[in-house]
Every structure is written in structure tokens, then in C-alpha cells.
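Undergrad: Enclosed is the structure file query_18.cif (mmCIF, C-alpha atoms and all ligand atoms).
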```
data_input
loop_
_atom_site.label_atom_id
_atom_site.label_comp_id
_atom_site.auth_asym_id
_atom_site.auth_seq_id
_atom_site.Cartn_x
_atom_site.Cartn_y
_atom_site.Cartn_z
CA MET A 1 0.00 0.00 0.00
CA ILE A 2 1.21 3.49 -0.87
CA ASP A 3 0.34 6.46 1.31
CA LEU A 4 -0.72 9.18 -1.12
CA LYS A 5 0.28 11.75 1.51
CA GLU A 6 3.86 10.94 0.59
CA TYR A 7 2.89 12.27 -2.84
CA GLY A 8 1.63 15.54 -1.43
CA TRP A 9 -2.02 14.61 -0.91
CA ASN A 10 -3.73 16.49 1.92
CA SER A 11 -7.21 17.45 3.00
CA ASP A 12 -7.16 20.66 0.91
CA TYR A 13 -7.60 18.52 -2.16
CA GLU A 14 -10.53 16.55 -0.84
CA GLU A 15 -13.76 16.89 -2.77
CA GLU A 16 -17.23 15.57 -2.20
CA ILE A 17 -17.37 12.38 -4.15
CA LYS A 18 -19.42 9.32 -4.73
CA GLU A 19 -18.57 6.22 -2.79
CA GLY A 20 -16.05 3.84 -4.24
CA LEU A 21 -13.71 6.46 -5.65
CA ILE A 22 -10.14 6.83 -4.40
CA PRO A 23 -7.70 9.74 -4.76
CA ALA A 24 -4.68 9.49 -7.04
CA ARG A 25 -1.97 11.77 -8.42
CA ILE A 26 -1.28 12.03 -12.14
CA ILE A 27 2.39 11.34 -12.86
CA GLU A 28 2.35 11.07 -16.68
CA VAL A 29 0.02 12.03 -19.50
CA HIS A 30 0.11 10.34 -22.91
CA ARG A 31 -2.60 11.46 -25.33
CA ASP A 32 -5.64 9.85 -23.72
CA MET A 33 -3.76 7.57 -21.34
CA TYR A 34 -2.70 8.60 -17.87
CA LYS A 35 -0.25 7.14 -15.44
CA ALA A 36 -1.19 7.79 -11.85
CA VAL A 37 -0.17 6.76 -8.39
CA CYS A 38 -2.75 5.72 -5.80
CA GLU A 39 -2.87 3.54 -2.69
CA HIS A 40 -2.44 0.47 -4.92
CA GLY A 41 0.74 1.79 -6.51
CA GLU A 42 1.35 2.99 -10.07
CA ILE A 43 -1.59 2.42 -12.34
CA ASN A 44 -2.84 3.25 -15.84
CA ALA A 45 -6.00 5.28 -16.10
CA LYS A 46 -8.36 6.81 -18.62
CA LEU A 47 -10.95 9.51 -18.36
CA LYS A 48 -14.43 8.23 -17.65
CA GLY A 49 -16.90 9.04 -20.43
CA THR A 50 -18.92 11.36 -18.20
CA PHE A 51 -15.79 13.33 -17.35
CA TYR A 52 -15.90 15.01 -20.76
CA LYS A 53 -19.53 15.95 -20.30
CA GLU A 54 -18.92 17.57 -16.95
CA ILE A 55 -15.93 19.74 -17.74
CA LYS A 56 -16.34 23.20 -19.19
CA TYR A 57 -12.90 24.05 -20.53
CA ASP A 58 -9.90 22.24 -21.92
CA CYS A 59 -7.89 23.43 -18.96
CA ASP A 60 -10.02 21.20 -16.74
CA MET A 61 -8.41 18.11 -18.25
CA PRO A 62 -5.96 16.45 -15.85
CA VAL A 63 -2.28 17.35 -16.20
CA VAL A 64 0.83 16.05 -14.48
CA GLY A 65 0.71 16.88 -10.80
CA ASP A 66 -3.08 16.91 -10.61
CA PHE A 67 -4.93 15.04 -7.94
CA VAL A 68 -7.98 13.18 -9.20
CA TYR A 69 -10.55 10.73 -7.94
CA LEU A 70 -10.80 7.49 -9.82
CA GLN A 71 -12.55 4.20 -9.91
CA TYR A 72 -9.80 1.67 -9.32
CA ASN A 73 -9.68 -1.33 -11.60
CA GLN A 74 -7.18 -3.98 -10.63
CA TYR A 75 -7.53 -5.79 -13.95
CA GLY A 76 -7.22 -2.91 -16.41
CA ASP A 77 -7.39 0.86 -16.77
CA SER A 78 -8.84 2.74 -13.85
CA LEU A 79 -11.37 5.45 -14.65
CA ILE A 80 -10.75 9.07 -13.68
CA SER A 81 -13.99 10.72 -12.74
CA LYS A 82 -13.08 13.95 -10.96
CA LEU A 83 -10.34 16.55 -10.96
CA CYS A 84 -9.47 18.03 -7.56
CA ARG A 85 -9.15 21.78 -7.16
CA ARG A 86 -5.63 22.90 -8.01
CA LYS A 87 -3.38 24.59 -5.48
CA SER A 88 -1.16 26.00 -8.22
CA LYS A 89 -0.98 25.73 -11.99
CA PHE A 90 1.43 26.94 -14.62
CA SER A 91 -0.40 28.14 -17.71
CA ARG A 92 0.66 29.29 -21.13
CA THR A 93 -1.18 30.32 -24.24
CA ASP A 94 -1.87 27.48 -26.62
CA PHE A 95 -1.70 28.85 -30.15
CA SER A 96 -2.51 25.55 -31.80
CA GLY A 97 -6.22 26.36 -32.02
CA HIS A 98 -8.13 26.26 -35.29
CA ALA A 99 -8.67 29.33 -37.36
CA VAL A 100 -12.21 30.68 -37.17
CA GLY A 101 -12.53 33.19 -39.97
CA TYR A 102 -9.43 35.31 -39.71
CA VAL A 103 -9.05 34.82 -36.00
CA LYS A 104 -7.17 31.89 -34.67
CA THR A 105 -8.65 30.68 -31.44
CA ILE A 106 -6.21 30.52 -28.61
CA LYS A 107 -6.71 28.95 -25.25
CA GLU A 108 -5.15 28.15 -21.95
CA GLN A 109 -2.79 25.24 -21.73
CA VAL A 110 -2.01 24.06 -18.24
CA VAL A 111 1.52 22.67 -18.15
CA ALA A 112 1.56 21.26 -14.62
CA ALA A 113 -0.35 21.56 -11.37
CA ASN A 114 0.03 21.46 -7.61
CA PHE A 115 3.70 22.30 -7.25
CA ASP A 116 5.38 24.38 -4.55
CA TYR A 117 8.28 25.80 -6.56
CA VAL A 118 8.77 26.70 -10.19
CA PHE A 119 12.38 26.21 -11.21
CA ILE A 120 12.97 28.57 -14.12
CA ILE A 121 15.88 26.87 -15.80
CA VAL A 122 18.08 29.02 -18.00
CA SER A 123 21.37 28.00 -19.54
CA LEU A 124 24.39 30.26 -19.17
CA ASN A 125 25.32 29.69 -22.80
CA GLN A 126 23.68 31.70 -25.58
CA ASP A 127 20.22 30.77 -24.28
CA PHE A 128 20.35 33.61 -21.76
CA ASN A 129 17.61 36.03 -22.82
CA ILE A 130 16.10 38.52 -20.42
CA ASN A 131 12.79 38.77 -22.27
CA ARG A 132 12.28 35.04 -21.93
CA ILE A 133 13.25 35.07 -18.26
CA GLU A 134 10.73 37.84 -17.57
CA ARG A 135 8.00 35.79 -19.21
CA TYR A 136 8.79 32.79 -17.07
CA ILE A 137 8.90 34.91 -13.93
CA GLY A 138 5.51 36.44 -14.76
CA ALA A 139 3.87 33.09 -15.42
CA ALA A 140 5.56 31.50 -12.41
CA ILE A 141 4.33 34.18 -10.02
CA GLN A 142 0.88 33.85 -11.53
CA SER A 143 0.99 30.09 -10.96
CA GLY A 144 0.62 30.56 -7.23
CA ALA A 145 3.94 28.90 -6.40
CA GLU A 146 7.36 30.36 -5.66
CA PRO A 147 9.72 31.00 -8.57
CA VAL A 148 13.38 30.04 -8.30
CA ILE A 149 15.84 30.95 -11.07
CA VAL A 150 18.43 28.30 -11.80
CA LEU A 151 21.22 29.20 -14.22
CA THR A 152 22.74 26.00 -15.57
CA LYS A 153 26.04 25.11 -17.21
CA ALA A 154 28.05 27.44 -14.99
CA ASP A 155 31.07 25.33 -15.97
CA LEU A 156 30.77 26.73 -19.51
CA ASN A 157 30.62 30.39 -18.54
CA SER A 158 33.33 32.01 -16.47
CA ASP A 159 31.19 35.12 -16.30
CA TYR A 160 28.32 33.40 -14.46
CA LYS A 161 28.57 35.64 -11.38
CA ASN A 162 27.62 38.71 -13.40
CA TYR A 163 24.45 37.05 -14.63
CA VAL A 164 23.50 36.04 -11.12
CA GLU A 165 24.15 39.55 -9.82
CA GLU A 166 22.20 41.23 -12.60
CA LEU A 167 19.12 39.12 -11.90
CA LYS A 168 19.45 39.47 -8.14
CA LEU A 169 19.54 43.25 -8.43
CA GLN A 170 16.33 43.29 -10.43
CA TYR A 171 14.51 40.53 -8.55
CA THR A 172 15.33 40.92 -4.91
CA ASP A 173 12.61 38.48 -3.80
CA ILE A 174 13.64 35.65 -6.09
CA ASP A 175 16.40 33.17 -5.35
CA VAL A 176 18.93 33.04 -8.20
CA THR A 177 21.49 30.25 -8.29
CA ALA A 178 24.14 29.19 -10.80
CA VAL A 179 24.80 25.47 -10.98
CA SER A 180 26.56 22.85 -13.04
CA SER A 181 25.11 19.39 -13.37
CA VAL A 182 28.44 18.25 -14.75
CA THR A 183 30.70 19.34 -11.90
CA GLY A 184 28.06 19.48 -9.17
CA PHE A 185 28.85 23.14 -8.56
CA GLY A 186 26.08 25.04 -6.73
CA LEU A 187 23.80 22.06 -6.21
CA GLU A 188 24.04 22.34 -2.43
CA SER A 189 22.29 25.73 -2.54
CA LEU A 190 19.22 24.03 -4.03
CA GLU A 191 18.99 21.54 -1.19
CA LYS A 192 16.63 23.76 0.76
CA TYR A 193 13.92 23.12 -1.85
CA PHE A 194 14.15 19.38 -1.57
CA ASN A 195 11.80 18.99 1.32
CA LYS A 196 9.45 16.21 2.18
CA ARG A 197 6.24 16.15 0.17
CA LYS A 198 7.13 19.24 -1.85
CA THR A 199 6.75 19.31 -5.61
CA LEU A 200 9.06 21.20 -7.95
CA VAL A 201 8.41 21.82 -11.63
CA PHE A 202 11.36 22.33 -14.00
CA LEU A 203 10.60 24.67 -16.89
CA GLY A 204 12.68 26.19 -19.66
CA SER A 205 13.80 25.85 -23.27
CA SER A 206 14.99 22.60 -24.76
CA GLY A 207 18.61 21.76 -24.05
CA VAL A 208 19.06 24.02 -21.02
CA GLY A 209 19.69 20.98 -18.84
CA LYS A 210 16.43 20.32 -17.00
CA SER A 211 16.71 16.55 -17.17
CA SER A 212 20.44 16.71 -16.44
CA LEU A 213 19.60 18.60 -13.26
CA VAL A 214 17.04 15.94 -12.31
CA ASN A 215 19.76 13.32 -12.71
CA ALA A 216 22.34 15.39 -10.85
CA VAL A 217 20.14 15.93 -7.81
CA ALA A 218 18.91 12.34 -7.91
CA GLY A 219 22.46 11.03 -8.13
CA GLN A 220 21.39 8.59 -10.84
CA ASN A 221 20.34 8.62 -14.47
CA ILE A 222 16.58 8.70 -14.33
CA MET A 223 15.94 10.90 -17.33
CA ASN A 224 17.32 10.66 -20.85
CA VAL A 225 19.75 13.39 -21.81
CA ASN A 226 21.05 14.12 -25.29
CA SER A 227 23.90 16.31 -26.37
CA ILE A 228 23.01 19.61 -28.01
CA ARG A 229 24.91 21.98 -30.23
CA GLU A 230 26.23 24.32 -27.59
CA ASP A 231 27.43 26.74 -30.25
CA ASP A 232 23.92 27.74 -31.29
CA SER A 233 22.12 26.46 -28.16
CA LYS A 234 19.62 24.44 -30.16
CA GLY A 235 18.03 21.79 -27.98
CA ARG A 236 16.82 18.52 -29.41
CA HIS A 237 13.62 18.10 -27.51
CA THR A 238 14.89 15.04 -25.74
CA THR A 239 12.17 14.94 -23.11
CA THR A 240 8.94 14.31 -24.95
CA HIS A 241 6.34 14.24 -22.22
CA ARG A 242 5.86 15.69 -18.78
CA GLN A 243 6.62 13.38 -15.96
CA LEU A 244 6.50 13.47 -12.18
CA ILE A 245 9.47 11.79 -10.57
CA MET A 246 9.58 10.80 -6.92
CA LEU A 247 12.99 11.39 -5.38
CA ASP A 248 13.46 10.50 -1.81
CA LYS A 249 10.23 12.27 -0.67
CA THR A 250 10.53 15.29 -3.01
CA MET A 251 8.77 15.26 -6.36
CA ILE A 252 10.07 16.84 -9.55
CA ILE A 253 7.98 17.42 -12.63
CA ASP A 254 10.35 17.37 -15.60
CA THR A 255 8.93 18.91 -18.76
CA PRO A 256 9.87 19.06 -22.44
CA GLY A 257 11.54 22.31 -23.46
CA MET A 258 9.12 25.07 -24.47
CA ARG A 259 9.63 26.90 -27.73
CA GLU A 260 7.69 29.92 -26.64
CA LEU A 261 5.82 30.99 -23.58
CA GLY A 262 2.73 33.02 -24.40
CA MET A 263 1.29 34.89 -21.46
CA TRP A 264 -2.02 33.52 -20.28
CA ASN A 265 -4.16 35.56 -17.93
CA ALA A 266 -1.02 36.62 -16.09
CA GLU A 267 -1.85 40.19 -15.13
CA GLU A 268 -0.83 39.85 -11.50
CA GLY A 269 2.29 37.92 -12.44
CA ILE A 270 3.34 40.58 -14.93
CA LYS A 271 2.66 43.34 -12.41
CA SER A 272 4.88 41.63 -9.82
CA THR A 273 7.61 40.93 -12.36
CA PHE A 274 7.67 44.62 -13.24
CA ALA A 275 6.97 45.93 -9.74
CA ASP A 276 9.42 48.82 -10.30
CA ILE A 277 7.35 49.99 -13.28
CA GLU A 278 4.08 49.53 -11.41
CA ASP A 279 5.48 51.78 -8.66
CA LEU A 280 6.32 54.46 -11.21
CA ILE A 281 2.86 54.25 -12.78
CA ASN A 282 1.34 54.84 -9.37
CA GLU A 283 3.35 58.05 -9.11
CA CYS A 284 2.02 59.52 -12.36
CA LYS A 285 -0.01 62.66 -11.76
CA PHE A 286 -3.07 61.37 -13.61
CA SER A 287 -4.44 57.98 -12.73
CA ASP A 288 -5.30 57.33 -16.38
CA CYS A 289 -1.90 58.50 -17.62
CA SER A 290 -0.97 56.96 -20.97
CA HIS A 291 2.72 57.70 -20.31
CA LYS A 292 3.09 59.49 -23.60
CA SER A 293 2.87 63.24 -23.21
CA GLU A 294 0.95 63.96 -20.02
CA PRO A 295 2.49 66.36 -17.50
CA GLY A 296 3.66 64.76 -14.28
CA CYS A 297 4.25 61.37 -15.86
CA ALA A 298 6.65 59.45 -13.62
CA VAL A 299 7.36 56.87 -16.30
CA LYS A 300 8.47 59.48 -18.86
CA HIS A 301 10.59 61.14 -16.22
CA ALA A 302 12.24 57.83 -15.30
CA LEU A 303 12.89 57.06 -18.96
CA ASN A 304 14.38 60.50 -19.58
CA THR A 305 16.67 60.34 -16.57
CA GLY A 306 17.73 56.77 -17.31
CA ILE A 307 16.26 55.34 -14.09
CA LEU A 308 14.05 53.13 -16.20
CA ASP A 309 15.59 51.25 -19.08
CA GLU A 310 13.73 51.95 -22.31
CA LYS A 311 14.03 48.32 -23.39
CA ARG A 312 12.56 47.06 -20.13
CA TRP A 313 9.63 49.46 -20.51
CA LYS A 314 9.00 48.17 -24.04
CA ARG A 315 9.11 44.56 -22.88
CA TYR A 316 6.65 45.38 -20.12
CA LEU A 317 4.25 47.01 -22.61
CA GLN A 318 4.58 44.04 -24.94
CA LEU A 319 3.72 41.50 -22.25
CA ARG A 320 0.76 43.53 -21.01
CA GLU A 321 -0.57 43.90 -24.52
CA GLU A 322 -0.12 40.25 -25.28
CA ASN A 323 -1.90 39.34 -22.07
CA THR A 324 -4.92 41.52 -22.86
CA PHE A 325 -4.96 40.37 -26.44
CA GLY A 326 -5.06 36.78 -25.23
CA LYS A 327 -7.99 37.59 -23.01
CA GLN A 328 -10.00 39.04 -25.87
CA LYS A 329 -9.17 36.45 -28.45
CA SER A 330 -9.36 33.34 -26.37
CA ALA A 331 -12.37 31.33 -27.30
CA TYR A 332 -13.39 30.33 -23.84
CA THR A 333 -16.27 28.28 -25.08
CA LYS A 334 -14.24 26.36 -27.62
CA LYS A 335 -13.68 22.75 -26.70
CA GLU A 336 -11.04 20.51 -28.04
CA LYS A 337 -12.10 18.38 -30.99
CA LEU A 338 -11.70 15.30 -28.89
CA ILE A 339 -14.15 16.47 -26.29
CA LYS A 340 -16.71 17.38 -28.93
CA LYS A 341 -16.32 14.06 -30.61
CA ILE A 342 -16.84 12.10 -27.46
CA LYS A 343 -19.79 14.24 -26.39
CA ASN A 344 -21.50 13.66 -29.68
CA GLN A 345 -21.18 9.94 -29.46
N1 LIG A 401 28.64 21.57 -19.65
C1 LIG A 401 27.44 21.29 -19.18
N2 LIG A 401 26.55 20.66 -19.96
C2 LIG A 401 25.33 20.40 -19.44
C3 LIG A 401 24.96 20.76 -18.13
N3 LIG A 401 23.68 20.40 -17.92
C4 LIG A 401 23.28 19.81 -19.08
N4 LIG A 401 24.26 19.81 -19.98
C5 LIG A 401 24.20 19.27 -21.34
O1 LIG A 401 23.17 19.94 -22.07
C6 LIG A 401 22.55 19.03 -22.97
C7 LIG A 401 21.05 19.04 -22.82
O2 LIG A 401 20.71 18.60 -21.51
P1 LIG A 401 19.26 18.04 -21.14
O3 LIG A 401 19.29 17.78 -19.68
O4 LIG A 401 18.86 16.96 -22.04
O5 LIG A 401 18.37 19.32 -21.44
P2 LIG A 401 16.78 19.48 -21.22
O6 LIG A 401 16.54 20.86 -20.71
O7 LIG A 401 16.25 18.37 -20.41
O8 LIG A 401 16.24 19.40 -22.74
P3 LIG A 401 14.77 18.93 -23.26
O9 LIG A 401 14.47 17.62 -22.63
O10 LIG A 401 14.95 18.84 -24.74
O11 LIG A 401 13.82 20.00 -22.88
C8 LIG A 401 23.21 17.67 -22.69
O12 LIG A 401 24.23 17.49 -23.64
C9 LIG A 401 23.80 17.81 -21.32
O13 LIG A 401 24.91 16.99 -21.13
C10 LIG A 401 25.93 21.43 -17.33
O14 LIG A 401 25.71 21.81 -16.17
N5 LIG A 401 27.14 21.67 -17.91
MG MG A 402 14.80 16.96 -20.78
ZN ZN A 403 2.58 58.23 -16.79
#
```
How does the structure come out when it is put into C-alpha cells?
Ligand SMILES: Nc1nc2c(ncn2[C@@H]2O[C@H](COP(=O)(O)OP(=O)(O)OP(=O)(O)O)[C@@H](O)[C@H]2O)c(=O)[nH]1
Ligand SMILES: [Mg+2]
Ligand SMILES: [Zn+2]

TA:
Amino acid sequence: MIDLKEYGWNSDYEEEIKEGLIPARIIEVHRDMYKAVCEHGEINAKLKGTFYKEIKYDCDMPVVGDFVYLQYNQYGDSLISKLCRRKSKFSRTDFSGHAVGYVKTIKEQVVAANFDYVFIIVSLNQDFNINRIERYIGAAIQSGAEPVIVLTKADLNSDYKNYVEELKLQYTDIDVTAVSSVTGFGLESLEKYFNKRKTLVFLGSSGVGKSSLVNAVAGQNIMNVNSIREDDSKGRHTTTHRQLIMLDKTMIIDTPGMRELGMWNAEEGIKSTFADIEDLINECKFSDCSHKSEPGCAVKHALNTGILDEKRWKRYLQLREENTFGKQKSAYTKKEKLIKKIKNQ
């Protein structure tokens, strides 16, 4: 018997359910097949037919890290019948929607759920890109968990301290650590996150070393790792599906590298990421200041005196616009083809 509490289950996740259902945690998702862990151990599961009828949005489909209730079947696939309320979730914009007229429908894609820390993994080779880091910080804060920035491959960059310092200056509340999975450098400073029953999610581009870090902290080769072309930082998308790995009481969700991270409903996250700019905006004379030509505009003043970096301001505007655009264009009522198909059966 497995105690699901070891996998982070607690009473906050409990839902009113029909008799005969047991809680489980999703550890892998493959198209329509799920791997989960429950009191009987690791099992395969599918969504129950009625599950599709009951959910409203695609984002209510189980993802790795989710707790669910299922009907256990010792002879075959168990049937997932309810998704438990999420404590945290990392969302991005899914642009793969179908074109409706000229407008492509976009929707929320939940990458992982119910984690305590988001490890934003950035490689210290040419992958280092402040715009991308800001996006991850915004989405991570929005997720409801604590962001941690991990700069990998410190062994390849003698300048790593400058990168750490630059980020620390801008993000005083976020832990920034440089590590090397090859030499083991810096790994001890991550130990504080490896606590009992905590879940960490590793996010970042392909090839930055997410799976290598899983292996380094595990002390064994759990995940596949492939060499990349370090000269142009192109990853090879080695990890192909999200997976929750249990390591000596701590759980890590390793994910495939993301090509792009579109902001999804991340207003609060963006505001916190650019807290310095939000402070300036609050100082503008007019509360509806457009920061263009109004008198008493604190943003203009900061830009003119060099206190605020013009590029940072532009990136902030871009993320805000993208976020609002997403809100307007998302087809909230659109369901995935699959759901429609099954409903119509
Ligand atoms: N020098 C050096 N190479 C590293 C380090 N960490 C990872 N690598 C190398 O970077 C390459 C990619 O590592 P992975 O761990 O597969 O990267 P990933 O982020 O999991 O990539 P995806 O699964 O495609 O998202 C491999 O060749 C690793 O050996 C490091 O700390 N130092
Ligand atoms: Mg990987
Ligand atoms: Zn202003």
C-alpha cells in the first residue's frame, strides 16, 4: 500500500465524491492515457466518459501533478472521474487552435499543477535572454507557487557571477542560483527546496539541462539526456512528455523544453515581475496617464533620466498587450475536438 500523503495529498484537495472512488496523483500524460499513483501503486488510467460531459474548458483536463478521484480497476485501466481543485498551476497560451474566420482561437494550456516551486531553468550559454526570463517569472508568479531561477552550465561560462548579480539586483525576492550538473557546482544551494512532500516543476527551453539537473540531484540517471549543439544552443527536444518523478520524498515534474511561452491571464504575475514599473505608474499625476505626453508622468521622467531602461519598458508594454490580447481572443467556449467528438457519441 502506498500512502498518497507521501505524494503531497492532503485534506485541501478533498472533494465531495461518490462512494467507491479513491484519490490518485497524475504522474504522466500520454494522449488519452494517464499514469497515476494511488494507494495500490502505479496504475494506468483513462478519463471516464462522463468526465468530458462535466468539464467546461480544456484546462479542466488532468495534467501532471493533478490530484484526481478514480474508480480503481485492478484488472485494467482505472477510470478518472473527478479533478481536484488545483493549489497551483502553470499556464501558457496554446496557439494551436483552429482558425475561425481570420481569427485563430487561442486557449489556456495548463503545463503542470500542484507544485510548490517553479524552477525557471536558464542555460548560461547563448540561451540567456532577459525577455524570456521575464515571461517565465511572470507566469511563475501567476501560478501561485514560488519561482526560483536556476542558471545552468556554470562550468561553460566564467562570467556566471555577473548574470546572477544582474538578476538578483532586479529581482530581490527571487532566489537566483548558478549550478553545473556536470561538476556538481552550486547544487548544495538548491537543497533547501528538496523537502518532504514538496513538488518542484522544472521549466525552460529545450537543451538548457532540466533533465540533467534531475539526474544530478537524484544522483542517478533517471531521465534521458542528449547532447546539443552548444554553439547555437539548439536543444533537441529530448524529453517528450511531462513526468512526475519521486525522489526521496521530493517530487520533480520534468517537462519538455518550451519553444515559446505566451502569457495567459497573467496580469498579476506581470505586475509583480515589473513591480518597479508599477510603482512608477502609481506616481504619475493622472491615474489614467498613458505615459506618452501627459504632464507629471513618472514613467516618462524615469525614462528620460535613465532610471528606467527603455528596453525594459518596451518589454513590459509588450507582455501587457499580449496578455490583454489573449484575453480578448481566447475562445473560452471552444472545446477541443476530442471532447466534442466524445460528447456527440
Ligand atoms: N557543460 C554542461 N553541460 C550540461 C549541463 N547540464 C546539461 N548539460 C548538457 O546539455 C545538454 C542538454 O541537456 P538536457 O538535460 O537533455 O536538457 P533538457 O533541458 O532536459 O532538454 P529537453 O528535454 O529537450 O527539454 C546535454 O548534452 C547535457 O549533457 C551542465 O551543467 N554543464
Ligand atoms: Mg529533458
Ligand atoms: Zn505616466

Undergrad: Counting all atoms listed in the file, which of A:Arg92, A:Arg236, A:Lys196, A:Lys18 gets nearest to ligand LIG 401 (chain A)?

TA: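 Under the stated criterion, the closest residue is A:Arg236.
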
Undergrad: Got a sec: who's within 6 Å of range 250-263 of chain A, counting all atoms listed in the file, leaving out chain neighbours fewer than 3 positions off, as an MDAnalysis selection string?

TA: chainID A and resid 92:93 194:202 204:206 239:247 323

Undergrad: Around all of range 274-291 of chain A's listed atoms, make the axis-aligned box with 8 Å on each side and tell me centre and edge lengths in Å to one decimal, as JSON.

TA:
```
{"center_x": 2.1, "center_y": 53.6, "center_z": -14.8, "size_x": 30.7, "size_y": 34.0, "size_z": 28.3}
```

Undergrad: Could you name the residues that touch range 22-25 of chain A at 7 Å or less, counting all atoms listed in the file, but leaving out those on the same chain fewer than 4 positions away, as a PDB file with C-alpha atoms, in the coordinates of the input?

TA:
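Listed below is the output, part-v3.pdb:
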```
ATOM      1  CA  ALA A  36      -1.190   7.790 -11.850  1.00  0.00           C
ATOM      2  CA  VAL A  37      -0.170   6.760  -8.390  1.00  0.00           C
ATOM      3  CA  CYS A  38      -2.750   5.720  -5.800  1.00  0.00           C
ATOM      4  CA  GLY A  65       0.710  16.880 -10.800  1.00  0.00           C
ATOM      5  CA  ASP A  66      -3.080  16.910 -10.610  1.00  0.00           C
ATOM      6  CA  PHE A  67      -4.930  15.040  -7.940  1.00  0.00           C
ATOM      7  CA  VAL A  68      -7.980  13.180  -9.200  1.00  0.00           C
ATOM      8  CA  TYR A  69     -10.550  10.730  -7.940  1.00  0.00           C
ATOM      9  CA  LEU A  70     -10.800   7.490  -9.820  1.00  0.00           C
ATOM     10  CA  GLN A  71     -12.550   4.200  -9.910  1.00  0.00           C
TER      11      GLN A  71
END
```

Undergrad: Grab me every residue within 12 Å of ligand ZN 403 (chain A), counting all atoms listed in the file, and send it over as a PyMOL selection string.

TA: chain A and resi 277-303+313

Undergrad: Quick one, how far is CA of Lys46 in chain A from CA of Ile27 in chain A?

TA: 13.0 Å
